[in-house]
Amino acid sequence: KAGVTQTPRYLIKTRGQQVTLSCSPISGHRSVSWYQQTPGQGLQFLFEYFSETQRNKGNFPGRFSGRQFSNSRSEMNVSTLELGDSALYLCASSLWGNNDNSPLHFGNGTRLTVT
Amino acid sequence: KNQVEQSPQSLIILEGKNCTLQCNYTVSPFSNLRWYKQDTGRGPVSLTIMTFSENTKSNGRYTATLDADTKQSSLHITASQLSDSASYICVVSFNAGNNRKLIWGLGTSLAVNP
């Protein structure tokens with residue numbers, strides 16, 4: 001089975017721009033979660049989608065949004081980029097999300113640098 | 001407040017030595033605790049999961065323990081190898097209404113030197 005695929009691997013953007021990140025989950029997984037990872041804050045939960053519906057949301061401003069398509073692929077969008085948005089963005093898929101004991105399967109992330 | 005604290009923040013050991021990483025949590029109601037390994041430039045990978053009734057679980061050279069009374073978990077690495085150099089992250093799951101939520105620790109950065 002192919003793992004979780006995230007594209008692009010690296011991105012450099014300028015303040016004020018917007019960016020869209022993509023995530024293809026493991027086949028058959030219906031839950032996709034997004035995380036922001038920075039050295040000082042660790043993994044910060046952004047949101048989780050399950051069957052095209054946002055099921056959980058973290059404490060991020062409205063500039064961060066996402067969606068999930070019928071094939072479970074997900075995109076995350078960040079508008080009006082700020083320097084503090086520079087981070088590794090990780091996508092994770094699982095069968096049912098957090099509501100069972102199955103692990104999250106992470107992609108290798110998109111490294112976003114905002115200049 | 002639900003929190004997960006890991007110690008030490010970083011650790012350097014020599015190849016072949018053992019080490020123990022700690023995870024303390026104040027999460028309630030507890031559902032499970034999982035350890036992830038994250039290599040540099042890669043996403044985290046699950047090592048093991050501990051549920052309330054489990055005290056010890058092994059995965060090769062990795063052994064996790066859980067003391068639900070003191071709300072502490074440890075990850076013991078035996079006969080370390082260079083490939084064990086990574087960040088080890090503890091995450092605790094708790095029940096919140098109809099959903100479970102995750103509280104992530106900041107991780108312990110382990111460097112294994114030859």
# chains A, B, ... in the order shown; residues from 1 in each chain; ligands from 1
call {"tool": "residues_around", "arguments": {"residues": "Pro103 (chain A)", "least_positions_apart": "5", "cutoff": "10 Å", "atoms": "only C-alpha atoms", "output": "PyMOL selection string"}}
result
(chain A and resi 92-98) or (chain B and resi 34-36+45-49)
call {"tool": "write_last_selection", "arguments": {"atoms": "all heavy atoms", "output": "short mmCIF file (atom, residue, chain, number, x, y, z; two decimals), in the first residue's frame"}}
result
data_model
loop_
_atom_site.label_atom_id
_atom_site.label_comp_id
_atom_site.auth_asym_id
_atom_site.auth_seq_id
_atom_site.Cartn_x
_atom_site.Cartn_y
_atom_site.Cartn_z
N ALA A 92 -1.91 13.59 8.15
CA ALA A 92 -1.97 12.22 8.68
C ALA A 92 -3.31 11.61 8.31
O ALA A 92 -4.34 12.28 8.39
CB ALA A 92 -1.79 12.22 10.19
N SER A 93 -3.28 10.36 7.94
CA SER A 93 -4.54 9.68 7.63
C SER A 93 -4.73 8.48 8.55
O SER A 93 -3.77 7.93 9.10
CB SER A 93 -4.59 9.24 6.16
OG SER A 93 -3.82 8.07 5.93
N SER A 94 -5.97 8.10 8.74
CA SER A 94 -6.31 6.90 9.50
C SER A 94 -7.69 6.43 9.07
O SER A 94 -8.41 7.15 8.38
CB SER A 94 -6.27 7.17 11.01
OG SER A 94 -7.28 8.08 11.38
N LEU A 95 -8.03 5.24 9.49
CA LEU A 95 -9.32 4.68 9.08
C LEU A 95 -10.49 5.48 9.65
O LEU A 95 -11.38 5.91 8.93
CB LEU A 95 -9.42 3.22 9.55
CG LEU A 95 -8.70 2.18 8.69
CD1 LEU A 95 -8.67 0.85 9.40
CD2 LEU A 95 -9.37 2.06 7.33
N TRP A 96 -10.45 5.70 10.97
CA TRP A 96 -11.59 6.31 11.64
C TRP A 96 -11.23 7.57 12.41
O TRP A 96 -12.04 8.09 13.16
CB TRP A 96 -12.23 5.30 12.61
CG TRP A 96 -12.72 4.07 11.93
CD1 TRP A 96 -12.16 2.84 11.99
CD2 TRP A 96 -13.85 3.94 11.05
NE1 TRP A 96 -12.86 1.95 11.20
CE2 TRP A 96 -13.90 2.61 10.63
CE3 TRP A 96 -14.82 4.84 10.59
CZ2 TRP A 96 -14.88 2.14 9.76
CZ3 TRP A 96 -15.80 4.38 9.73
CH2 TRP A 96 -15.83 3.05 9.32
N GLY A 97 -10.01 8.07 12.27
CA GLY A 97 -9.63 9.24 13.05
C GLY A 97 -9.24 8.83 14.44
O GLY A 97 -8.76 7.72 14.68
N ASN A 98 -9.50 9.71 15.40
CA ASN A 98 -9.06 9.45 16.77
C ASN A 98 -10.00 8.51 17.53
O ASN A 98 -9.74 8.16 18.66
CB ASN A 98 -8.96 10.76 17.55
CG ASN A 98 -7.95 11.69 16.91
OD1 ASN A 98 -7.04 11.24 16.25
ND2 ASN A 98 -8.14 12.98 17.10
N ARG B 34 0.37 6.88 23.06
CA ARG B 34 1.15 6.31 21.94
C ARG B 34 2.49 7.02 21.85
O ARG B 34 2.60 8.23 22.10
CB ARG B 34 0.37 6.48 20.64
CG ARG B 34 0.97 5.72 19.46
CD ARG B 34 0.15 5.94 18.19
NE ARG B 34 -1.18 5.35 18.22
CZ ARG B 34 -1.47 4.09 17.91
NH1 ARG B 34 -0.51 3.26 17.56
NH2 ARG B 34 -2.72 3.67 17.94
N TRP B 35 3.50 6.25 21.48
CA TRP B 35 4.83 6.80 21.19
C TRP B 35 5.07 6.78 19.69
O TRP B 35 4.82 5.77 19.02
CB TRP B 35 5.92 5.98 21.89
CG TRP B 35 6.01 6.19 23.36
CD1 TRP B 35 5.37 5.48 24.34
CD2 TRP B 35 6.81 7.17 24.03
NE1 TRP B 35 5.71 5.96 25.58
CE2 TRP B 35 6.60 6.99 25.42
CE3 TRP B 35 7.68 8.18 23.61
CZ2 TRP B 35 7.23 7.78 26.38
CZ3 TRP B 35 8.31 8.96 24.56
CH2 TRP B 35 8.09 8.76 25.93
N TYR B 36 5.56 7.92 19.19
CA TYR B 36 5.94 8.03 17.79
C TYR B 36 7.44 8.33 17.69
O TYR B 36 8.01 8.99 18.56
CB TYR B 36 5.20 9.18 17.10
CG TYR B 36 3.76 8.91 16.74
CD1 TYR B 36 2.74 9.13 17.66
CD2 TYR B 36 3.42 8.42 15.48
CE1 TYR B 36 1.42 8.88 17.33
CE2 TYR B 36 2.09 8.18 15.14
CZ TYR B 36 1.11 8.41 16.07
OH TYR B 36 -0.21 8.17 15.73
N VAL B 45 6.26 8.19 12.96
CA VAL B 45 5.82 6.81 12.74
C VAL B 45 5.52 6.19 14.10
O VAL B 45 6.30 6.33 15.04
CB VAL B 45 6.92 5.99 12.02
CG1 VAL B 45 6.49 4.52 11.93
CG2 VAL B 45 7.19 6.55 10.64
N SER B 46 4.37 5.53 14.20
CA SER B 46 3.97 4.94 15.47
C SER B 46 4.89 3.80 15.88
O SER B 46 5.21 2.93 15.08
CB SER B 46 2.52 4.44 15.36
OG SER B 46 2.14 3.76 16.55
N LEU B 47 5.29 3.81 17.16
CA LEU B 47 6.10 2.73 17.72
C LEU B 47 5.24 1.76 18.52
O LEU B 47 5.35 0.54 18.38
CB LEU B 47 7.19 3.29 18.63
CG LEU B 47 8.34 4.05 17.98
CD1 LEU B 47 9.23 4.65 19.05
CD2 LEU B 47 9.13 3.14 17.05
N THR B 48 4.39 2.31 19.36
CA THR B 48 3.59 1.46 20.22
C THR B 48 2.45 2.26 20.83
O THR B 48 2.53 3.48 20.94
CB THR B 48 4.44 0.84 21.34
OG1 THR B 48 3.65 -0.11 22.06
CG2 THR B 48 4.94 1.89 22.31
N ILE B 49 1.40 1.56 21.21
CA ILE B 49 0.27 2.18 21.90
C ILE B 49 0.06 1.48 23.23
O ILE B 49 0.23 0.26 23.34
CB ILE B 49 -1.03 2.09 21.05
CG1 ILE B 49 -2.19 2.77 21.77
CG2 ILE B 49 -1.36 0.65 20.71
CD1 ILE B 49 -3.46 2.87 20.95
#
call {"tool": "residues_around", "arguments": {"residues": "region 6-12 of chain B", "least_positions_apart": "3", "cutoff": "9 Å", "atoms": "only C-alpha atoms", "output": "PDB file with all heavy atoms, in the first residue's frame"}}
result
ATOM      1  N   CYS B  19      18.841   3.666  26.898  1.00  0.00           N
ATOM      2  CA  CYS B  19      18.345   4.952  27.399  1.00  0.00           C
ATOM      3  C   CYS B  19      16.841   4.844  27.668  1.00  0.00           C
ATOM      4  O   CYS B  19      16.165   3.946  27.153  1.00  0.00           O
ATOM      5  CB  CYS B  19      18.618   6.092  26.422  1.00  0.00           C
ATOM      6  SG  CYS B  19      17.691   6.002  24.884  1.00  0.00           S
ATOM      7  N   LEU B  21      13.317   7.340  27.996  1.00  0.00           N
ATOM      8  CA  LEU B  21      12.661   8.626  27.788  1.00  0.00           C
ATOM      9  C   LEU B  21      11.378   8.647  28.614  1.00  0.00           C
ATOM     10  O   LEU B  21      10.695   7.625  28.730  1.00  0.00           O
ATOM     11  CB  LEU B  21      12.330   8.824  26.301  1.00  0.00           C
ATOM     12  CG  LEU B  21      13.453   8.485  25.307  1.00  0.00           C
ATOM     13  CD1 LEU B  21      12.983   8.726  23.878  1.00  0.00           C
ATOM     14  CD2 LEU B  21      14.726   9.250  25.613  1.00  0.00           C
ATOM     15  N   GLN B  22      11.043   9.820  29.144  1.00  0.00           N
ATOM     16  CA  GLN B  22       9.902   9.927  30.046  1.00  0.00           C
ATOM     17  C   GLN B  22       8.778  10.762  29.448  1.00  0.00           C
ATOM     18  O   GLN B  22       9.018  11.711  28.686  1.00  0.00           O
ATOM     19  CB  GLN B  22      10.323  10.572  31.363  1.00  0.00           C
ATOM     20  CG  GLN B  22      11.339   9.781  32.164  1.00  0.00           C
ATOM     21  CD  GLN B  22      10.743   8.524  32.781  1.00  0.00           C
ATOM     22  OE1 GLN B  22       9.524   8.377  32.891  1.00  0.00           O
ATOM     23  NE2 GLN B  22      11.605   7.586  33.152  1.00  0.00           N
ATOM     24  N   CYS B  23       7.560  10.390  29.815  1.00  0.00           N
ATOM     25  CA  CYS B  23       6.372  11.137  29.391  1.00  0.00           C
ATOM     26  C   CYS B  23       5.409  11.196  30.573  1.00  0.00           C
ATOM     27  O   CYS B  23       4.959  10.140  31.054  1.00  0.00           O
ATOM     28  CB  CYS B  23       5.718  10.461  28.189  1.00  0.00           C
ATOM     29  SG  CYS B  23       4.139  11.192  27.671  1.00  0.00           S
ATOM     30  N   ASN B  24       5.130  12.385  31.065  1.00  0.00           N
ATOM     31  CA  ASN B  24       4.169  12.581  32.151  1.00  0.00           C
ATOM     32  C   ASN B  24       2.970  13.328  31.603  1.00  0.00           C
ATOM     33  O   ASN B  24       3.132  14.268  30.822  1.00  0.00           O
ATOM     34  CB  ASN B  24       4.795  13.382  33.291  1.00  0.00           C
ATOM     35  CG  ASN B  24       5.959  12.655  33.929  1.00  0.00           C
ATOM     36  OD1 ASN B  24       6.064  11.443  33.845  1.00  0.00           O
ATOM     37  ND2 ASN B  24       6.843  13.405  34.564  1.00  0.00           N
ATOM     38  N   TYR B  25       1.794  12.945  32.033  1.00  0.00           N
ATOM     39  CA  TYR B  25       0.607  13.577  31.479  1.00  0.00           C
ATOM     40  C   TYR B  25      -0.403  13.908  32.574  1.00  0.00           C
ATOM     41  O   TYR B  25      -0.440  13.280  33.625  1.00  0.00           O
ATOM     42  CB  TYR B  25      -0.034  12.687  30.407  1.00  0.00           C
ATOM     43  CG  TYR B  25      -0.501  11.331  30.898  1.00  0.00           C
ATOM     44  CD1 TYR B  25      -1.811  11.128  31.324  1.00  0.00           C
ATOM     45  CD2 TYR B  25       0.375  10.241  30.916  1.00  0.00           C
ATOM     46  CE1 TYR B  25      -2.235   9.885  31.755  1.00  0.00           C
ATOM     47  CE2 TYR B  25      -0.040   8.997  31.351  1.00  0.00           C
ATOM     48  CZ  TYR B  25      -1.345   8.820  31.774  1.00  0.00           C
ATOM     49  OH  TYR B  25      -1.762   7.590  32.205  1.00  0.00           O
ATOM     50  N   SER B  87      13.570  12.119  16.864  1.00  0.00           N
ATOM     51  CA  SER B  87      12.756  12.722  17.909  1.00  0.00           C
ATOM     52  C   SER B  87      11.684  11.714  18.306  1.00  0.00           C
ATOM     53  O   SER B  87      11.086  11.069  17.434  1.00  0.00           O
ATOM     54  CB  SER B  87      12.124  14.017  17.403  1.00  0.00           C
ATOM     55  OG  SER B  87      11.310  14.594  18.405  1.00  0.00           O
ATOM     56  N   ILE B  89       8.146  11.237  20.261  1.00  0.00           N
ATOM     57  CA  ILE B  89       7.017  12.055  20.674  1.00  0.00           C
ATOM     58  C   ILE B  89       5.964  11.188  21.350  1.00  0.00           C
ATOM     59  O   ILE B  89       5.590  10.125  20.830  1.00  0.00           O
ATOM     60  CB  ILE B  89       6.392  12.786  19.472  1.00  0.00           C
ATOM     61  CG1 ILE B  89       7.458  13.577  18.709  1.00  0.00           C
ATOM     62  CG2 ILE B  89       5.276  13.722  19.938  1.00  0.00           C
ATOM     63  CD1 ILE B  89       6.976  14.142  17.388  1.00  0.00           C
ATOM     64  N   CYS B  90       5.504  11.654  22.489  1.00  0.00           N
ATOM     65  CA  CYS B  90       4.458  10.979  23.254  1.00  0.00           C
ATOM     66  C   CYS B  90       3.145  11.725  23.000  1.00  0.00           C
ATOM     67  O   CYS B  90       3.119  12.961  23.005  1.00  0.00           O
ATOM     68  CB  CYS B  90       4.843  11.038  24.731  1.00  0.00           C
ATOM     69  SG  CYS B  90       3.572  10.523  25.890  1.00  0.00           S
ATOM     70  N   GLY B 105       3.083  15.754  23.207  1.00  0.00           N
ATOM     71  CA  GLY B 105       4.253  16.279  23.876  1.00  0.00           C
ATOM     72  C   GLY B 105       5.170  16.952  22.867  1.00  0.00           C
ATOM     73  O   GLY B 105       4.963  16.836  21.653  1.00  0.00           O
ATOM     74  N   LEU B 106       6.184  17.658  23.377  1.00  0.00           N
ATOM     75  CA  LEU B 106       7.108  18.369  22.492  1.00  0.00           C
ATOM     76  C   LEU B 106       8.220  17.477  21.967  1.00  0.00           C
ATOM     77  O   LEU B 106       8.969  17.873  21.088  1.00  0.00           O
ATOM     78  CB  LEU B 106       7.717  19.568  23.223  1.00  0.00           C
ATOM     79  CG  LEU B 106       6.739  20.686  23.579  1.00  0.00           C
ATOM     80  CD1 LEU B 106       7.473  21.819  24.278  1.00  0.00           C
ATOM     81  CD2 LEU B 106       6.038  21.214  22.338  1.00  0.00           C
ATOM     82  N   GLY B 107       8.315  16.273  22.536  1.00  0.00           N
ATOM     83  CA  GLY B 107       9.295  15.321  22.035  1.00  0.00           C
ATOM     84  C   GLY B 107      10.626  15.362  22.761  1.00  0.00           C
ATOM     85  O   GLY B 107      10.980  16.354  23.411  1.00  0.00           O
ATOM     86  N   THR B 108      11.344  14.270  22.652  1.00  0.00           N
ATOM     87  CA  THR B 108      12.728  14.179  23.116  1.00  0.00           C
ATOM     88  C   THR B 108      13.597  13.914  21.906  1.00  0.00           C
ATOM     89  O   THR B 108      13.345  12.970  21.147  1.00  0.00           O
ATOM     90  CB  THR B 108      12.912  13.034  24.129  1.00  0.00           C
ATOM     91  OG1 THR B 108      12.240  13.334  25.335  1.00  0.00           O
ATOM     92  CG2 THR B 108      14.399  12.792  24.420  1.00  0.00           C
ATOM     93  N   SER B 109      14.602  14.765  21.720  1.00  0.00           N
ATOM     94  CA  SER B 109      15.517  14.594  20.594  1.00  0.00           C
ATOM     95  C   SER B 109      16.680  13.714  21.036  1.00  0.00           C
ATOM     96  O   SER B 109      17.444  14.073  21.929  1.00  0.00           O
ATOM     97  CB  SER B 109      16.029  15.963  20.132  1.00  0.00           C
ATOM     98  OG  SER B 109      16.955  15.799  19.080  1.00  0.00           O
ATOM     99  N   LEU B 110      16.806  12.555  20.424  1.00  0.00           N
ATOM    100  CA  LEU B 110      17.851  11.598  20.776  1.00  0.00           C
ATOM    101  C   LEU B 110      18.918  11.541  19.689  1.00  0.00           C
ATOM    102  O   LEU B 110      18.604  11.391  18.514  1.00  0.00           O
ATOM    103  CB  LEU B 110      17.255  10.202  20.954  1.00  0.00           C
ATOM    104  CG  LEU B 110      18.252   9.061  21.183  1.00  0.00           C
ATOM    105  CD1 LEU B 110      18.992   9.253  22.511  1.00  0.00           C
ATOM    106  CD2 LEU B 110      17.555   7.703  21.147  1.00  0.00           C
ATOM    107  N   ALA B 111      20.167  11.690  20.108  1.00  0.00           N
ATOM    108  CA  ALA B 111      21.295  11.541  19.188  1.00  0.00           C
ATOM    109  C   ALA B 111      22.135  10.363  19.666  1.00  0.00           C
ATOM    110  O   ALA B 111      22.556  10.330  20.823  1.00  0.00           O
ATOM    111  CB  ALA B 111      22.131  12.811  19.142  1.00  0.00           C
ATOM    112  N   VAL B 112      22.349   9.396  18.779  1.00  0.00           N
ATOM    113  CA  VAL B 112      23.194   8.249  19.083  1.00  0.00           C
ATOM    114  C   VAL B 112      24.495   8.412  18.321  1.00  0.00           C
ATOM    115  O   VAL B 112      24.504   8.445  17.085  1.00  0.00           O
ATOM    116  CB  VAL B 112      22.507   6.930  18.692  1.00  0.00           C
ATOM    117  CG1 VAL B 112      23.412   5.745  19.024  1.00  0.00           C
ATOM    118  CG2 VAL B 112      21.169   6.791  19.413  1.00  0.00           C
ATOM    119  N   ASN B 113      25.576   8.541  19.059  1.00  0.00           N
ATOM    120  CA  ASN B 113      26.880   8.764  18.441  1.00  0.00           C
ATOM    121  C   ASN B 113      27.709   7.493  18.384  1.00  0.00           C
ATOM    122  O   ASN B 113      27.618   6.661  19.289  1.00  0.00           O
ATOM    123  CB  ASN B 113      27.651   9.838  19.210  1.00  0.00           C
ATOM    124  CG  ASN B 113      27.049  11.214  19.028  1.00  0.00           C
ATOM    125  OD1 ASN B 113      26.292  11.443  18.083  1.00  0.00           O
ATOM    126  ND2 ASN B 113      27.378  12.120  19.920  1.00  0.00           N
TER     127      ASN B 113
END
call {"tool": "residues_around", "arguments": {"residues": "Ser72 (chain A)", "least_positions_apart": "6", "cutoff": "10 Å", "atoms": "only C-alpha atoms", "output": "ChimeraX atom specification"}}
result
/A:23-32,49-52,93
call {"tool": "interface_residues", "arguments": {"of": "chain B", "to": "chain A", "cutoff": "7 Å", "atoms": "only C-alpha atoms", "output": "list in words"}}
result
Gly41, Arg42, Gly43, Pro44, Val45, Ser46, Asn99, Arg100, Lys101, Trp104 and Leu106 of chain B
call {"tool": "write_last_selection", "arguments": {"atoms": "N, CA and C atoms", "output": "compact mmCIF listing (two decimals), in the first residue's frame"}}
result
# COMPACT_ATOMS: atom_id res chain seq x y z
N GLY B 41 13.35 15.23 8.84
CA GLY B 41 12.81 15.38 7.49
C GLY B 41 11.71 14.41 7.12
N ARG B 42 11.24 13.65 8.08
CA ARG B 42 10.17 12.67 7.80
C ARG B 42 9.01 12.91 8.76
N GLY B 43 7.88 12.28 8.46
CA GLY B 43 6.74 12.35 9.36
C GLY B 43 6.89 11.34 10.49
N PRO B 44 6.17 11.54 11.60
CA PRO B 44 6.23 10.58 12.72
C PRO B 44 5.69 9.22 12.32
N VAL B 45 6.26 8.19 12.96
CA VAL B 45 5.82 6.81 12.74
C VAL B 45 5.52 6.19 14.10
N SER B 46 4.37 5.53 14.20
CA SER B 46 3.97 4.94 15.47
C SER B 46 4.89 3.80 15.88
N ASN B 99 -16.10 12.52 20.68
CA ASN B 99 -14.84 12.36 19.98
C ASN B 99 -13.70 12.14 20.95
N ARG B 100 -12.62 11.62 20.42
CA ARG B 100 -11.37 11.58 21.17
C ARG B 100 -10.48 12.68 20.65
N LYS B 101 -9.71 13.27 21.55
CA LYS B 101 -8.77 14.31 21.15
C LYS B 101 -7.36 13.90 21.59
N TRP B 104 -0.33 16.35 22.39
CA TRP B 104 1.01 15.96 21.97
C TRP B 104 2.07 16.55 22.89
N LEU B 106 6.18 17.66 23.38
CA LEU B 106 7.11 18.37 22.49
C LEU B 106 8.22 17.48 21.97
call {"tool": "select_by_dssp", "arguments": {"residues": "chain B", "states": "strand (DSSP E or B)", "output": "ChimeraX atom specification"}}
result
/B:4-7,10-14,19-25,30-38,45-51,56-59,62-67,72-77,86-96,99-104,108-113
call {"tool": "atom_distance", "arguments": {"atom1": "CA of Ala86 (chain B)", "atom2": "CA of Phe30 (chain B)"}}
result
26.7 Å
call {"tool": "residues_around", "arguments": {"residues": "Lys17 (chain B)", "least_positions_apart": "4", "cutoff": "9 Å", "atoms": "only C-alpha atoms", "output": "ChimeraX atom specification"}}
result
/B:13,77-81,112
call {"tool": "write_last_selection", "arguments": {"atoms": "N, CA and C atoms", "output": "CSV table (one decimal), in the first residue's frame"}}
result
chain,number,residue,atom,x,y,z
B,13,ILE,N,23.7,9.8,23.5
B,13,ILE,CA,24.3,8.6,24.1
B,13,ILE,C,25.2,7.9,23.0
B,77,ILE,N,15.0,2.2,25.3
B,77,ILE,CA,15.6,1.8,24.0
B,77,ILE,C,16.8,1.0,24.5
B,78,THR,N,16.9,-0.3,24.0
B,78,THR,CA,18.0,-1.2,24.4
B,78,THR,C,19.0,-1.3,23.3
B,79,ALA,N,20.3,-1.3,23.6
B,79,ALA,CA,21.3,-1.5,22.6
B,79,ALA,C,21.2,-0.6,21.5
B,80,SER,N,21.2,0.7,21.7
B,80,SER,CA,20.9,1.7,20.7
B,80,SER,C,21.8,1.6,19.5
B,81,GLN,N,21.2,2.0,18.4
B,81,GLN,CA,21.9,2.0,17.1
B,81,GLN,C,21.8,3.4,16.5
B,112,VAL,N,22.3,9.4,18.8
B,112,VAL,CA,23.2,8.2,19.1
B,112,VAL,C,24.5,8.4,18.3
call {"tool": "decode", "arguments": {"residues": "region 9-17 of chain B", "atoms": "all heavy atoms", "output": "PDB file, in the first residue's frame"}}
result
ATOM      1  N   GLN B   9      14.591  16.955  27.269  1.00  0.00           N
ATOM      2  CA  GLN B   9      14.311  17.618  25.998  1.00  0.00           C
ATOM      3  C   GLN B   9      15.213  17.056  24.914  1.00  0.00           C
ATOM      4  O   GLN B   9      14.803  16.893  23.766  1.00  0.00           O
ATOM      5  CB  GLN B   9      14.527  19.112  26.157  1.00  0.00           C
ATOM      6  CG  GLN B   9      14.128  19.930  24.936  1.00  0.00           C
ATOM      7  CD  GLN B   9      14.240  21.425  25.198  1.00  0.00           C
ATOM      8  OE1 GLN B   9      14.678  21.857  26.262  1.00  0.00           O
ATOM      9  NE2 GLN B   9      13.843  22.213  24.227  1.00  0.00           N
ATOM     10  N   SER B  10      16.467  16.785  25.276  1.00  0.00           N
ATOM     11  CA  SER B  10      17.407  16.185  24.335  1.00  0.00           C
ATOM     12  C   SER B  10      18.355  15.270  25.084  1.00  0.00           C
ATOM     13  O   SER B  10      18.553  15.414  26.300  1.00  0.00           O
ATOM     14  CB  SER B  10      18.179  17.260  23.568  1.00  0.00           C
ATOM     15  OG  SER B  10      18.938  18.040  24.457  1.00  0.00           O
ATOM     16  N   LEU B  11      18.928  14.346  24.348  1.00  0.00           N
ATOM     17  CA  LEU B  11      19.759  13.315  24.954  1.00  0.00           C
ATOM     18  C   LEU B  11      20.795  12.847  23.937  1.00  0.00           C
ATOM     19  O   LEU B  11      20.471  12.662  22.761  1.00  0.00           O
ATOM     20  CB  LEU B  11      18.864  12.138  25.368  1.00  0.00           C
ATOM     21  CG  LEU B  11      19.464  10.956  26.115  1.00  0.00           C
ATOM     22  CD1 LEU B  11      20.053  11.410  27.446  1.00  0.00           C
ATOM     23  CD2 LEU B  11      18.374   9.904  26.352  1.00  0.00           C
ATOM     24  N   ILE B  12      22.024  12.690  24.411  1.00  0.00           N
ATOM     25  CA  ILE B  12      23.090  12.156  23.564  1.00  0.00           C
ATOM     26  C   ILE B  12      23.657  10.916  24.232  1.00  0.00           C
ATOM     27  O   ILE B  12      24.029  10.954  25.409  1.00  0.00           O
ATOM     28  CB  ILE B  12      24.226  13.188  23.352  1.00  0.00           C
ATOM     29  CG1 ILE B  12      23.681  14.468  22.731  1.00  0.00           C
ATOM     30  CG2 ILE B  12      25.323  12.588  22.455  1.00  0.00           C
ATOM     31  CD1 ILE B  12      24.711  15.591  22.639  1.00  0.00           C
ATOM     32  N   ILE B  13      23.695   9.812  23.504  1.00  0.00           N
ATOM     33  CA  ILE B  13      24.251   8.574  24.054  1.00  0.00           C
ATOM     34  C   ILE B  13      25.177   7.935  23.032  1.00  0.00           C
ATOM     35  O   ILE B  13      25.145   8.270  21.842  1.00  0.00           O
ATOM     36  CB  ILE B  13      23.141   7.568  24.453  1.00  0.00           C
ATOM     37  CG1 ILE B  13      22.324   7.143  23.225  1.00  0.00           C
ATOM     38  CG2 ILE B  13      22.248   8.141  25.531  1.00  0.00           C
ATOM     39  CD1 ILE B  13      21.329   6.042  23.513  1.00  0.00           C
ATOM     40  N   LEU B  14      25.991   7.000  23.500  1.00  0.00           N
ATOM     41  CA  LEU B  14      26.882   6.276  22.610  1.00  0.00           C
ATOM     42  C   LEU B  14      26.178   5.029  22.078  1.00  0.00           C
ATOM     43  O   LEU B  14      25.360   4.402  22.770  1.00  0.00           O
ATOM     44  CB  LEU B  14      28.158   5.880  23.340  1.00  0.00           C
ATOM     45  CG  LEU B  14      29.097   7.034  23.714  1.00  0.00           C
ATOM     46  CD1 LEU B  14      30.270   6.520  24.523  1.00  0.00           C
ATOM     47  CD2 LEU B  14      29.588   7.753  22.459  1.00  0.00           C
ATOM     48  N   GLU B  15      26.498   4.704  20.864  1.00  0.00           N
ATOM     49  CA  GLU B  15      25.957   3.509  20.220  1.00  0.00           C
ATOM     50  C   GLU B  15      26.151   2.283  21.114  1.00  0.00           C
ATOM     51  O   GLU B  15      27.231   2.103  21.723  1.00  0.00           O
ATOM     52  CB  GLU B  15      26.666   3.293  18.882  1.00  0.00           C
ATOM     53  CG  GLU B  15      26.113   2.179  18.023  1.00  0.00           C
ATOM     54  CD  GLU B  15      26.855   2.049  16.711  1.00  0.00           C
ATOM     55  OE1 GLU B  15      27.927   2.677  16.566  1.00  0.00           O
ATOM     56  OE2 GLU B  15      26.375   1.329  15.830  1.00  0.00           O
ATOM     57  N   GLY B  16      25.105   1.495  21.237  1.00  0.00           N
ATOM     58  CA  GLY B  16      25.171   0.288  22.059  1.00  0.00           C
ATOM     59  C   GLY B  16      24.643   0.472  23.472  1.00  0.00           C
ATOM     60  O   GLY B  16      24.339  -0.510  24.159  1.00  0.00           O
ATOM     61  N   LYS B  17      24.528   1.727  23.903  1.00  0.00           N
ATOM     62  CA  LYS B  17      24.021   2.007  25.250  1.00  0.00           C
ATOM     63  C   LYS B  17      22.498   2.000  25.270  1.00  0.00           C
ATOM     64  O   LYS B  17      21.839   2.138  24.235  1.00  0.00           O
ATOM     65  CB  LYS B  17      24.534   3.360  25.740  1.00  0.00           C
ATOM     66  CG  LYS B  17      26.040   3.428  25.888  1.00  0.00           C
ATOM     67  CD  LYS B  17      26.551   2.461  26.942  1.00  0.00           C
ATOM     68  CE  LYS B  17      28.046   2.624  27.166  1.00  0.00           C
ATOM     69  NZ  LYS B  17      28.570   1.654  28.170  1.00  0.00           N
TER      70      LYS B  17
END
